[in-house]
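Data from target_20.cif: mmCIF, C-alpha atoms
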data_query
#
loop_
_atom_site.label_atom_id
_atom_site.label_comp_id
_atom_site.auth_asym_id
_atom_site.auth_seq_id
_atom_site.Cartn_x
_atom_site.Cartn_y
_atom_site.Cartn_z
CA MET P 105 0.00 0.00 0.00
CA SER P 106 1.56 3.26 -1.13
CA GLU P 107 1.71 6.72 0.44
CA PRO P 108 -1.72 7.19 2.06
CA THR P 109 -2.36 10.76 1.03
CA SER P 110 -2.24 12.28 -2.43
CA PRO P 111 -2.00 16.08 -2.36
CA GLY P 112 -4.47 17.60 -4.78
CA ALA P 113 -6.95 14.71 -4.69
CA THR P 114 -10.28 16.33 -3.89
CA PRO P 115 -13.58 14.59 -3.10
CA ARG P 116 -15.77 14.56 -6.16
CA ARG P 117 -18.65 17.00 -6.14
CA ARG P 118 -22.10 15.70 -6.93
CA ALA P 119 -25.34 17.60 -7.48
CA PHE P 120 -28.71 16.41 -6.21
CA ASP P 121 -31.12 15.22 -8.88
CA PRO P 122 -34.78 15.14 -7.72
CA ALA P 123 -35.65 12.99 -10.73
CA ALA P 124 -33.15 10.25 -9.81
CA THR P 125 -34.63 6.80 -9.23
CA GLY P 126 -33.14 3.65 -7.75
CA ALA P 127 -34.00 -0.02 -7.40
CA LEU P 128 -36.56 0.73 -4.66
CA HIS P 129 -38.42 3.40 -6.62
CA GLY P 130 -42.13 3.32 -5.77
CA LEU P 131 -41.57 1.85 -2.30
CA ARG P 132 -42.93 4.05 0.49
CA VAL P 133 -41.33 3.82 3.94
CA VAL P 134 -42.94 5.58 6.90
CA ASP P 135 -40.21 6.36 9.44
CA LEU P 136 -41.16 7.32 13.00
CA SER P 137 -37.72 6.41 14.37
CA ARG P 138 -35.40 8.75 16.21
CA LEU P 139 -31.63 8.90 16.59
CA VAL P 140 -29.14 6.67 14.80
CA ALA P 141 -30.23 3.07 14.17
CA GLY P 142 -33.51 3.89 12.46
CA ASN P 143 -31.97 6.68 10.42
CA ILE P 144 -29.18 4.41 9.18
CA LEU P 145 -31.76 1.76 8.28
CA THR P 146 -33.90 4.17 6.26
CA LYS P 147 -30.85 5.88 4.77
CA VAL P 148 -29.90 2.59 3.09
CA LEU P 149 -33.41 2.34 1.64
CA ALA P 150 -33.58 6.01 0.62
CA ASP P 151 -30.17 5.84 -1.05
CA HIS P 152 -31.62 3.17 -3.33
CA GLY P 153 -34.76 5.01 -4.28
CA ALA P 154 -37.33 4.32 -1.57
CA GLU P 155 -39.60 7.22 -0.67
CA VAL P 156 -38.75 7.56 3.02
CA VAL P 157 -41.21 9.81 4.84
CA LYS P 158 -39.78 10.96 8.16
CA VAL P 159 -42.69 11.64 10.53
CA GLU P 160 -41.27 14.09 13.07
CA PRO P 161 -42.73 15.76 16.15
CA PRO P 162 -42.61 19.58 16.42
CA GLU P 163 -39.17 19.43 18.08
CA GLY P 164 -37.84 17.28 15.23
CA ASP P 165 -35.69 14.16 15.25
CA THR P 166 -33.12 14.30 18.06
CA LEU P 167 -30.35 14.05 15.46
CA ARG P 168 -31.11 17.62 14.41
CA ALA P 169 -29.76 18.78 17.78
CA TRP P 170 -26.39 17.07 17.33
CA ARG P 171 -24.43 20.06 16.01
CA ILE P 172 -20.84 20.98 15.23
CA GLN P 173 -20.46 24.77 15.37
CA GLY P 174 -24.19 25.10 14.84
CA ILE P 175 -24.41 22.71 11.86
CA SER P 176 -26.41 19.46 12.13
CA THR P 177 -23.85 17.29 10.36
CA THR P 178 -25.23 13.97 11.63
CA TRP P 179 -28.74 14.81 10.44
CA LYS P 180 -27.47 16.06 7.09
CA THR P 181 -25.45 12.93 6.38
CA LEU P 182 -27.89 10.30 7.70
CA SER P 183 -31.11 11.82 6.29
CA ARG P 184 -30.29 12.65 2.69
CA ASN P 185 -32.85 11.51 0.12
CA LYS P 186 -35.64 11.56 2.72
CA LEU P 187 -38.84 13.58 3.05
CA SER P 188 -39.97 15.25 6.28
CA ILE P 189 -43.46 15.87 7.57
CA CYS P 190 -44.12 17.35 11.00
CA LEU P 191 -47.12 16.28 13.10
CA ALA P 192 -48.22 16.99 16.65
CA LEU P 193 -48.14 13.28 17.44
CA ARG P 194 -49.82 13.61 20.84
CA ASP P 195 -53.06 14.53 19.09
CA PRO P 196 -55.41 11.73 17.90
CA GLN P 197 -55.88 13.58 14.61
CA ALA P 198 -52.15 13.27 13.92
CA ILE P 199 -52.30 9.55 14.70
CA ALA P 200 -55.12 9.25 12.18
CA VAL P 201 -52.83 10.82 9.56
CA VAL P 202 -50.06 8.33 10.39
CA LYS P 203 -52.54 5.47 9.95
CA ARG P 204 -53.44 6.74 6.50
CA LEU P 205 -49.75 6.92 5.60
CA ALA P 206 -49.16 3.38 6.88
CA ALA P 207 -52.10 2.06 4.89
CA GLY P 208 -50.28 2.88 1.66
CA ALA P 209 -46.74 2.04 2.78
CA ALA P 210 -44.58 -1.04 2.32
CA ILE P 211 -42.40 -0.58 5.43
CA PHE P 212 -43.05 1.13 8.76
CA VAL P 213 -40.11 1.91 11.09
CA GLU P 214 -40.26 3.01 14.72
CA SER P 215 -37.84 3.16 17.65
CA PHE P 216 -39.99 4.00 20.66
CA ARG P 217 -39.58 2.15 23.93
CA PRO P 218 -41.67 -1.07 23.79
CA GLY P 219 -45.33 -0.35 24.53
CA VAL P 220 -45.25 3.28 23.39
CA LEU P 221 -46.46 2.52 19.86
CA GLU P 222 -49.41 0.61 21.29
CA ALA P 223 -50.19 3.50 23.65
CA MET P 224 -50.26 5.82 20.62
CA GLY P 225 -52.88 3.61 18.99
CA LEU P 226 -50.43 2.40 16.36
CA GLY P 227 -49.67 -1.12 17.58
CA PRO P 228 -48.86 -3.83 15.03
CA GLU P 229 -52.37 -5.32 15.18
CA VAL P 230 -53.81 -1.92 14.24
CA LEU P 231 -51.34 -1.31 11.42
CA LEU P 232 -51.64 -4.82 9.97
CA ALA P 233 -55.44 -4.55 10.02
CA LEU P 234 -55.08 -1.43 7.88
CA ASN P 235 -52.39 -2.92 5.65
CA PRO P 236 -51.92 -6.72 5.90
CA ARG P 237 -48.79 -6.59 3.71
CA LEU P 238 -46.98 -4.04 5.89
CA VAL P 239 -43.47 -4.79 7.15
CA ILE P 240 -43.11 -3.24 10.61
CA VAL P 241 -39.59 -2.72 11.95
CA ARG P 242 -39.50 -2.11 15.69
CA ILE P 243 -36.09 -0.90 16.92
CA SER P 244 -35.31 -1.02 20.62
CA GLY P 245 -32.34 -1.64 22.85
CA TRP P 246 -33.42 -4.98 24.27
CA GLY P 247 -36.46 -6.21 22.35
CA GLN P 248 -40.23 -6.16 22.50
CA ASP P 249 -40.30 -8.92 25.12
CA GLY P 250 -38.00 -10.31 27.78
CA PRO P 251 -36.97 -8.95 31.19
CA TYR P 252 -35.24 -5.83 29.83
CA ARG P 253 -37.91 -4.67 27.39
CA HIS P 254 -38.58 -1.50 29.41
CA LYS P 255 -34.92 -0.56 29.97
CA PRO P 256 -33.50 2.43 28.09
CA GLY P 257 -32.22 1.36 24.69
CA PHE P 258 -28.96 3.29 24.38
CA GLY P 259 -26.17 1.75 22.31
CA THR P 260 -23.62 2.40 25.05
CA LEU P 261 -25.41 0.00 27.41
CA VAL P 262 -25.59 -2.64 24.70
CA GLU P 263 -21.91 -2.26 23.80
CA GLY P 264 -21.12 -3.05 27.41
CA TYR P 265 -23.65 -5.86 27.85
CA SER P 266 -22.81 -7.70 24.60
CA GLY P 267 -19.28 -8.57 25.64
CA PHE P 268 -17.67 -6.07 23.28
CA ALA P 269 -16.31 -3.60 25.83
CA ALA P 270 -14.91 -6.41 27.98
CA VAL P 271 -12.46 -7.43 25.24
CA ASN P 272 -11.75 -3.95 23.86
CA GLY P 273 -8.74 -2.04 25.15
CA PHE P 274 -5.56 -2.97 26.97
CA ALA P 275 -5.13 -5.52 29.76
CA ASP P 276 -3.85 -3.01 32.33
CA ARG P 277 -6.62 -0.48 31.74
CA GLU P 278 -10.39 -0.20 31.88
CA PRO P 279 -12.66 -1.74 29.22
CA VAL P 280 -13.14 0.66 26.32
CA LEU P 281 -16.47 1.60 24.75
CA PRO P 282 -16.39 2.46 21.03
CA PRO P 283 -16.07 6.20 20.24
CA MET P 284 -18.86 5.99 17.66
CA TYR P 285 -22.36 4.52 17.42
CA MET P 286 -21.31 0.93 16.77
CA ALA P 287 -24.35 -0.90 18.17
CA ASP P 288 -26.74 1.50 16.43
CA GLY P 289 -24.87 1.15 13.15
CA TYR P 290 -24.97 -2.64 13.20
CA ALA P 291 -28.67 -2.57 14.10
CA GLY P 292 -29.44 -0.15 11.28
CA LEU P 293 -27.67 -2.27 8.68
CA TYR P 294 -29.17 -5.52 10.00
CA GLY P 295 -32.58 -3.85 10.06
CA ALA P 296 -32.34 -2.74 6.43
CA ALA P 297 -31.42 -6.24 5.28
CA THR P 298 -34.11 -7.84 7.41
CA ALA P 299 -36.76 -5.44 6.14
CA MET P 300 -35.97 -6.48 2.59
CA ILE P 301 -36.23 -10.17 3.56
CA ALA P 302 -39.65 -9.51 5.08
CA LEU P 303 -40.66 -7.44 2.06
CA ARG P 304 -39.79 -10.33 -0.25
CA HIS P 305 -42.05 -12.56 1.83
CA ALA P 306 -44.85 -9.96 1.76
CA GLU P 307 -44.62 -9.65 -2.01
CA ALA P 308 -44.74 -13.43 -2.42
CA THR P 309 -47.55 -14.15 0.07
CA GLY P 310 -49.34 -10.88 0.83
CA GLN P 311 -48.42 -11.36 4.49
CA GLY P 312 -46.74 -8.59 6.43
CA GLN P 313 -44.95 -9.13 9.71
CA VAL P 314 -43.17 -7.51 12.65
CA ILE P 315 -39.37 -7.34 12.90
CA ASP P 316 -38.12 -7.15 16.49
CA GLN P 317 -34.80 -5.39 15.82
CA THR P 318 -32.74 -4.87 18.95
CA LEU P 319 -29.50 -2.96 19.28
CA PHE P 320 -28.18 -5.90 21.31
CA ASP P 321 -28.55 -8.76 18.83
CA PRO P 322 -26.31 -7.59 15.96
CA ILE P 323 -23.30 -6.58 18.06
CA HIS P 324 -23.71 -9.70 20.19
CA VAL P 325 -23.66 -11.85 17.03
CA MET P 326 -20.45 -10.08 15.95
CA MET P 327 -18.80 -11.35 19.14
CA GLU P 328 -19.03 -14.99 18.06
CA PRO P 329 -17.61 -17.48 18.89
CA GLN P 330 -17.18 -16.13 22.43
CA HIS P 331 -19.74 -18.52 23.95
CA ALA P 332 -18.34 -21.63 22.26
CA ASN P 333 -14.80 -20.70 23.27
CA TRP P 334 -15.85 -20.15 26.87
CA LYS P 335 -17.61 -23.50 26.98
CA ILE P 336 -14.48 -25.27 25.73
CA ASN P 337 -11.75 -23.73 27.87
CA ARG P 338 -13.48 -21.61 30.54
CA LYS P 339 -11.06 -18.80 29.70
CA LEU P 340 -12.21 -15.25 29.10
CA LYS P 341 -10.79 -13.51 26.07
CA PRO P 342 -8.32 -10.93 27.43
CA ARG P 343 -8.01 -7.32 26.39
CA THR P 344 -4.95 -7.25 24.14
CA GLY P 345 -5.06 -3.79 22.59
CA SER P 346 -4.44 -4.15 18.86
CA ARG P 347 -2.92 -7.61 19.18
CA SER P 348 -4.83 -10.76 18.29
CA THR P 349 -5.20 -13.84 20.48
CA ASN P 350 -5.45 -16.01 17.36
CA ALA P 351 -2.57 -14.90 15.15
CA VAL P 352 0.77 -13.13 15.70
CA PRO P 353 2.10 -10.72 14.58
CA ARG P 354 -0.89 -8.37 14.38
CA ASN P 355 -0.62 -4.91 15.88
CA ALA P 356 -0.33 -1.16 15.41
CA TYR P 357 3.17 0.28 15.17
CA ARG P 358 4.47 3.84 15.31
CA THR P 359 6.82 5.24 12.68
CA LYS P 360 9.75 7.63 13.06
CA ASP P 361 7.69 10.65 11.99
CA GLY P 362 4.77 9.94 14.34
CA GLY P 363 2.58 8.04 11.90
CA TRP P 364 0.93 4.74 12.65
CA VAL P 365 0.62 1.54 10.64
CA CYS P 366 -1.42 -1.61 11.15
CA LEU P 367 0.12 -4.95 10.24
CA SER P 368 -1.34 -8.43 10.07
CA ALA P 369 0.72 -11.50 9.21
CA SER P 370 -1.84 -14.15 10.05
CA THR P 371 -0.46 -16.85 7.74
CA GLN P 372 2.87 -18.64 7.96
CA GLY P 373 3.93 -17.42 4.53
CA MET P 374 3.15 -13.80 5.39
CA THR P 375 5.12 -13.98 8.63
CA GLU P 376 8.12 -15.34 6.77
CA LYS P 377 7.89 -12.50 4.22
CA LEU P 378 7.77 -10.01 7.06
CA LEU P 379 10.80 -11.40 8.86
CA ARG P 380 12.83 -11.47 5.65
CA SER P 381 11.83 -7.89 4.86
CA ILE P 382 13.21 -6.61 8.18
CA GLY P 383 16.43 -8.57 7.75
CA ARG P 384 15.64 -11.13 10.44
CA GLU P 385 15.30 -14.32 8.39
CA GLU P 386 16.91 -16.31 11.20
CA LEU P 387 13.79 -15.77 13.30
CA ILE P 388 11.81 -18.02 10.94
CA THR P 389 13.40 -21.04 12.60
CA ASP P 390 13.62 -19.52 16.09
CA PRO P 391 11.72 -21.89 18.42
CA ARG P 392 9.77 -18.92 19.80
CA PHE P 393 8.43 -17.95 16.39
CA ARG P 394 8.52 -21.11 14.26
CA THR P 395 4.73 -21.64 14.18
CA ASN P 396 1.73 -19.43 14.82
CA ALA P 397 1.12 -21.24 18.12
CA ASP P 398 4.70 -20.42 19.14
CA ARG P 399 4.28 -16.80 18.13
CA VAL P 400 1.06 -16.42 20.10
CA GLN P 401 2.97 -17.56 23.19
CA HIS P 402 5.80 -15.08 22.54
CA GLY P 403 3.89 -12.26 20.93
CA GLU P 404 5.39 -9.45 23.00
CA ALA P 405 8.92 -10.42 22.03
CA LEU P 406 8.12 -10.52 18.31
CA ASP P 407 6.16 -7.27 18.52
CA SER P 408 9.17 -5.58 20.12
CA ILE P 409 11.43 -6.67 17.25
CA ILE P 410 8.99 -5.43 14.61
CA ALA P 411 8.32 -2.17 16.46
CA ASP P 412 12.06 -1.44 16.76
CA HIS P 413 12.45 -1.80 13.01
CA ILE P 414 9.43 0.32 12.07
CA LYS P 415 10.27 3.16 14.45
CA GLY P 416 13.43 3.76 12.43
CA LEU P 417 11.40 4.48 9.26
CA THR P 418 8.98 7.22 8.26
CA LEU P 419 5.40 6.36 7.43
CA ALA P 420 6.07 6.63 3.70
CA GLU P 421 9.23 4.53 3.96
CA THR P 422 7.46 1.86 6.01
CA LEU P 423 4.59 1.53 3.55
CA ALA P 424 6.88 1.49 0.52
CA LYS P 425 9.25 -1.08 2.05
CA PHE P 426 6.62 -3.58 3.15
CA ASP P 427 4.46 -3.06 0.10
CA ALA P 428 7.43 -3.99 -2.11
CA ALA P 429 7.95 -7.11 0.00
CA GLY P 430 4.30 -8.12 -0.32
CA VAL P 431 3.64 -7.74 3.41
CA THR P 432 0.09 -6.93 4.54
CA ILE P 433 0.49 -3.50 6.09
CA GLY P 434 -1.46 -0.26 5.85
CA PRO P 435 -1.64 3.22 7.34
CA ILE P 436 -3.89 4.08 10.26
CA MET P 437 -5.83 6.98 8.81
CA ASP P 438 -7.65 9.88 10.41
CA ALA P 439 -10.19 12.27 8.90
CA GLU P 440 -7.52 14.76 7.86
CA MET P 441 -5.60 12.08 5.96
CA LEU P 442 -8.73 10.56 4.43
CA GLU P 443 -9.95 13.89 3.04
CA HIS P 444 -7.48 13.87 0.14
CA ASP P 445 -6.68 10.17 0.00
CA ARG P 446 -6.53 8.81 -3.54
CA TYR P 447 -8.38 5.57 -2.71
CA VAL P 448 -11.20 7.36 -0.92
CA VAL P 449 -11.55 9.96 -3.67
CA GLU P 450 -11.39 7.63 -6.66
CA ARG P 451 -13.82 5.11 -5.12
CA GLU P 452 -16.12 7.98 -4.13
CA ALA P 453 -16.16 6.66 -0.59
CA VAL P 454 -16.52 10.34 0.27
CA ILE P 455 -18.23 12.85 -1.98
CA GLU P 456 -19.23 16.48 -1.59
CA VAL P 457 -22.71 17.88 -2.12
CA PRO P 458 -23.91 21.51 -2.14
CA ASP P 459 -24.75 22.94 1.28
CA ALA P 460 -24.95 26.64 1.99
CA GLU P 461 -24.32 26.17 5.73
CA MET P 462 -20.98 24.46 5.25
CA PRO P 463 -17.62 26.23 4.91
CA GLY P 464 -17.06 26.75 1.18
CA GLY P 465 -20.61 25.70 0.41
CA TRP P 466 -19.91 21.95 0.13
CA LEU P 467 -20.74 19.13 2.55
CA PRO P 468 -18.57 15.98 2.56
CA MET P 469 -20.45 12.73 3.16
CA HIS P 470 -20.15 9.05 2.38
CA GLY P 471 -21.08 7.75 -1.04
CA ALA P 472 -23.94 5.27 -1.33
CA VAL P 473 -23.33 1.85 0.22
CA PRO P 474 -23.87 -0.91 -0.81
CA ARG P 475 -22.64 -0.56 -4.40
CA LEU P 476 -24.78 -2.16 -7.10
CA SER P 477 -23.69 -2.34 -10.73
CA ALA P 478 -27.09 -2.06 -12.44
CA THR P 479 -28.91 0.08 -9.87
CA PRO P 480 -26.39 2.30 -8.08
CA GLY P 481 -27.40 4.51 -5.18
CA ILE P 482 -28.90 7.91 -5.87
CA LEU P 483 -28.62 11.52 -4.70
CA ALA P 484 -32.13 12.84 -5.04
CA ARG P 485 -32.30 15.51 -2.34
CA PRO P 486 -30.46 16.86 0.70
CA ALA P 487 -31.61 16.07 4.23
CA PRO P 488 -34.94 17.85 4.68
CA GLN P 489 -35.86 20.80 6.81
CA LEU P 490 -38.42 20.00 9.51
CA GLY P 491 -41.80 19.56 7.82
CA GLU P 492 -40.39 20.56 4.44
CA HIS P 493 -42.56 18.05 2.57
CA ASN P 494 -45.80 18.47 4.49
CA GLU P 495 -47.76 19.63 1.47
CA ALA P 496 -46.07 17.34 -1.06
CA VAL P 497 -46.79 14.20 1.00
CA LEU P 498 -49.96 15.09 2.91
CA GLY P 499 -51.71 17.24 0.32
CA PRO P 500 -52.49 14.35 -2.02
CA LEU P 501 -53.20 12.03 0.92
CA LEU P 502 -55.65 14.31 2.75
CA GLY P 503 -56.97 16.62 0.08
CA ALA P 504 -56.54 20.38 0.09
CA GLY P 505 -59.40 21.10 2.48
CA GLU P 506 -58.38 18.59 5.16
CA PHE P 507 -54.73 19.56 4.83
CA ALA P 508 -55.58 23.24 5.39
CA ARG P 509 -57.80 22.42 8.39
CA LEU P 510 -55.15 20.31 10.11
CA ARG P 511 -52.50 22.92 9.46
CA GLU P 512 -54.73 25.65 10.88
CA ALA P 513 -55.40 23.45 13.95
CA GLY P 514 -51.66 22.96 14.55
CA ILE P 515 -51.78 19.23 13.87
CA ILE P 516 -49.49 19.71 10.85
CA GLN P 517 -46.54 21.91 11.76
CA GLY P 518 -43.30 23.18 10.27
CA GLY P 519 -42.57 23.46 6.60
#
Could you render the structure from this file as structure tokens?
Amino acid sequence: MSEPTSPGATPRRRAFDPAATGALHGLRVVDLSRLVAGNILTKVLADHGAEVVKVEPPEGDTLRAWRIQGISTTWKTLSRNKLSICLALRDPQAIAVVKRLAAGAAIFVESFRPGVLEAMGLGPEVLLALNPRLVIVRISGWGQDGPYRHKPGFGTLVEGYSGFAAVNGFADREPVLPPMYMADGYAGLYGAATAMIALRHAEATGQGQVIDQTLFDPIHVMMEPQHANWKINRKLKPRTGSRSTNAVPRNAYRTKDGGWVCLSASTQGMTEKLLRSIGREELITDPRFRTNADRVQHGEALDSIIADHIKGLTLAETLAKFDAAGVTIGPIMDAEMLEHDRYVVEREAVIEVPDAEMPGGWLPMHGAVPRLSATPGILARPAPQLGEHNEAVLGPLLGAGEFARLREAGIIQGG
């Protein structure tokens, strides 16, 4: 892997095209979720053409309040391609509007604490009576049943409970929670895939169903095979920092100029390439390092040898040297480095879209994921203002007279 940054490489600028359509064109999604997991779920669908209608209360989705120097960057990046309507959801007339939306939708997403949807008069039995084909995604921390159903569903609690934090960090320090919304992200991606599975079933049979999407399940699944390993040896996986308990060497190493690289030599052949490349071929037959099992037992000693070699090289020299030797190594990148990185730019992993609030008038954000060859993701519209699409969505649904009455009564707000 070559020099990680390429001066002059600039994220490609893309304009929004309201006429753009994707593979999910014609699919209406009613989204009552708040915060991250639901918004990631519906972002995936919206990026591929679904008409995602965010139903927001007068205060808006909580993500709107997450600001950097007054700019709602999380909302802008997670809610592109969506529509926003604003309803006073505590009023029965607003609930009646939501029912009418759900009656014509394919997918309904919510993230209230279990029992709240039922208290609103929008429980699954009500929605499925209106629309038997409806796929209902219910996002919560711990599930719609079980002993923790009423506990707060914050990702931080799940990241601790799942076993993740217990193995993350260094042995001589406290467990480390992830510095980003990991549990919510996994749940959003799982939820999007599961919704499409349920939609396939609904299209084939006419039968809708309820998806009980917890924050806990996806991150807990990612921890496999922790339970099987514990049953076999009754040993808890230790916190090892960036090292692996399965293969050595694997770690992060600092270069002479303060950069960082990550290296993984998890096969015998790769380890031998590595040792030759640092001029220590004799270590291939050293009893401490002859096999992977030996190296796992003496990982600190091997790490010290590798670290001593790398700290004598700059980041660029390290990458060039090991890349030429065919060793699996790469830079540890931060946002500043990624901004002008050739790989990121050319793959359009990050793009820029027009945004008057942003410095320079352009907002960087991720390109559409997943990538499909025949039906790529779309950029139809920026993240909406609160209630921006009240008239466009609710006008045809309610009729001009009813729309005007509900707006005058304060049931429809914003826009």
- prompt: What do you get, as number ranges by chain, if you spell out every residue that the PyMOL selection byres ((chain P and resi 248) around 10) selects here?
  reply: P: 217-219, 242-247, 249-254, 315-318
With distances taken over all atoms listed in the file, the candidate from P:Ile240, P:Ala487, P:Val457, P:Ala478 nearest P:Arg118 is P:Val457
Neighbouring residues of P:Asp390 were defined as those with any atom within 12 Å, considering only C-alpha atoms; residues of the same chain fewer than 4 positions away were excluded. Please report them as a PyMOL selection string. chain P and resi 376+379+384-386+394-396+398-399+402+405-406
- List the residues matched by the PyMOL selection byres ((chain P and resi 184-197) around 8) in the displayed structure as number ranges by chain, ordered by chain and then by residue number. P: 147, 150-151, 155-162, 164, 180-183, 198-201, 224, 483-494, 497, 514-519
Dump C-alpha atoms for the selected residues as a PDB file, keeping the file's coordinate frame?
ATOM      1  CA  LYS P 147     -30.850   5.880   4.770  1.00  0.00           C
ATOM      2  CA  ALA P 150     -33.580   6.010   0.620  1.00  0.00           C
ATOM      3  CA  ASP P 151     -30.170   5.840  -1.050  1.00  0.00           C
ATOM      4  CA  GLU P 155     -39.600   7.220  -0.670  1.00  0.00           C
ATOM      5  CA  VAL P 156     -38.750   7.560   3.020  1.00  0.00           C
ATOM      6  CA  VAL P 157     -41.210   9.810   4.840  1.00  0.00           C
ATOM      7  CA  LYS P 158     -39.780  10.960   8.160  1.00  0.00           C
ATOM      8  CA  VAL P 159     -42.690  11.640  10.530  1.00  0.00           C
ATOM      9  CA  GLU P 160     -41.270  14.090  13.070  1.00  0.00           C
ATOM     10  CA  PRO P 161     -42.730  15.760  16.150  1.00  0.00           C
ATOM     11  CA  PRO P 162     -42.610  19.580  16.420  1.00  0.00           C
ATOM     12  CA  GLY P 164     -37.840  17.280  15.230  1.00  0.00           C
ATOM     13  CA  LYS P 180     -27.470  16.060   7.090  1.00  0.00           C
ATOM     14  CA  THR P 181     -25.450  12.930   6.380  1.00  0.00           C
ATOM     15  CA  LEU P 182     -27.890  10.300   7.700  1.00  0.00           C
ATOM     16  CA  SER P 183     -31.110  11.820   6.290  1.00  0.00           C
ATOM     17  CA  ALA P 198     -52.150  13.270  13.920  1.00  0.00           C
ATOM     18  CA  ILE P 199     -52.300   9.550  14.700  1.00  0.00           C
ATOM     19  CA  ALA P 200     -55.120   9.250  12.180  1.00  0.00           C
ATOM     20  CA  VAL P 201     -52.830  10.820   9.560  1.00  0.00           C
ATOM     21  CA  MET P 224     -50.260   5.820  20.620  1.00  0.00           C
ATOM     22  CA  LEU P 483     -28.620  11.520  -4.700  1.00  0.00           C
ATOM     23  CA  ALA P 484     -32.130  12.840  -5.040  1.00  0.00           C
ATOM     24  CA  ARG P 485     -32.300  15.510  -2.340  1.00  0.00           C
ATOM     25  CA  PRO P 486     -30.460  16.860   0.700  1.00  0.00           C
ATOM     26  CA  ALA P 487     -31.610  16.070   4.230  1.00  0.00           C
ATOM     27  CA  PRO P 488     -34.940  17.850   4.680  1.00  0.00           C
ATOM     28  CA  GLN P 489     -35.860  20.800   6.810  1.00  0.00           C
ATOM     29  CA  LEU P 490     -38.420  20.000   9.510  1.00  0.00           C
ATOM     30  CA  GLY P 491     -41.800  19.560   7.820  1.00  0.00           C
ATOM     31  CA  GLU P 492     -40.390  20.560   4.440  1.00  0.00           C
ATOM     32  CA  HIS P 493     -42.560  18.050   2.570  1.00  0.00           C
ATOM     33  CA  ASN P 494     -45.800  18.470   4.490  1.00  0.00           C
ATOM     34  CA  VAL P 497     -46.790  14.200   1.000  1.00  0.00           C
ATOM     35  CA  GLY P 514     -51.660  22.960  14.550  1.00  0.00           C
ATOM     36  CA  ILE P 515     -51.780  19.230  13.870  1.00  0.00           C
ATOM     37  CA  ILE P 516     -49.490  19.710  10.850  1.00  0.00           C
ATOM     38  CA  GLN P 517     -46.540  21.910  11.760  1.00  0.00           C
ATOM     39  CA  GLY P 518     -43.300  23.180  10.270  1.00  0.00           C
ATOM     40  CA  GLY P 519     -42.570  23.460   6.600  1.00  0.00           C
TER      41      GLY P 519
END
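The spacing separating atom CA of P:Ala287 from atom CA of P:Leu319 amounts to 5.7 Å.
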Discussion item. So that I can check the surroundings of P:Ala297, please list as a ChimeraX atom specification every protein, DNA and RNA residue that reaches within 12 Å of it, counting all atoms listed in the file and ignoring chain neighbours fewer than 4 positions away.
Written reply: /P:144-146,148-149,241,290-293,301-304,315,317,322,474
- Task: Using all atoms listed in the file, find all polymer residues with an atom at most 12 Å away from the point (-24.6, 17.1, -10.1); report them as a PyMOL selection string.
- Result: chain P and resi 116-124+455-458+482-485
If you count all atoms listed in the file, the residue of P:Tyr285, P:Phe507, P:Trp170, P:Trp364 closest to P:Ala411 turns out to be P:Trp364
As a short mmCIF file (atom, residue, chain, number, x, y, z; two decimals), in the coordinates of the input, could you write out stretch 359-366 of chain P once it has been completed with N, CA, C and O atoms?
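Result went into rebuild31.cif, see below:
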data_model
loop_
_atom_site.label_atom_id
_atom_site.label_comp_id
_atom_site.auth_asym_id
_atom_site.auth_seq_id
_atom_site.Cartn_x
_atom_site.Cartn_y
_atom_site.Cartn_z
N THR P 359 5.68 4.98 13.55
CA THR P 359 6.82 5.24 12.68
C THR P 359 7.65 6.41 13.21
O THR P 359 7.25 7.11 14.14
N LYS P 360 8.81 6.61 12.60
CA LYS P 360 9.75 7.63 13.06
C LYS P 360 9.15 9.03 13.07
O LYS P 360 9.45 9.85 13.93
N ASP P 361 8.27 9.32 12.10
CA ASP P 361 7.69 10.65 11.99
C ASP P 361 6.34 10.78 12.68
O ASP P 361 5.59 11.74 12.44
N GLY P 362 6.00 9.82 13.57
CA GLY P 362 4.77 9.94 14.34
C GLY P 362 3.55 9.33 13.70
O GLY P 362 2.45 9.41 14.26
N GLY P 363 3.70 8.73 12.53
CA GLY P 363 2.58 8.04 11.90
C GLY P 363 2.33 6.69 12.54
O GLY P 363 3.11 6.23 13.39
N TRP P 364 1.26 6.07 12.14
CA TRP P 364 0.93 4.74 12.65
C TRP P 364 0.58 3.82 11.49
O TRP P 364 -0.03 4.25 10.52
N VAL P 365 0.99 2.56 11.62
CA VAL P 365 0.62 1.54 10.64
C VAL P 365 -0.02 0.36 11.35
O VAL P 365 0.24 0.12 12.54
N CYS P 366 -0.86 -0.36 10.63
CA CYS P 366 -1.42 -1.61 11.15
C CYS P 366 -0.90 -2.75 10.28
O CYS P 366 -0.85 -2.63 9.05
#
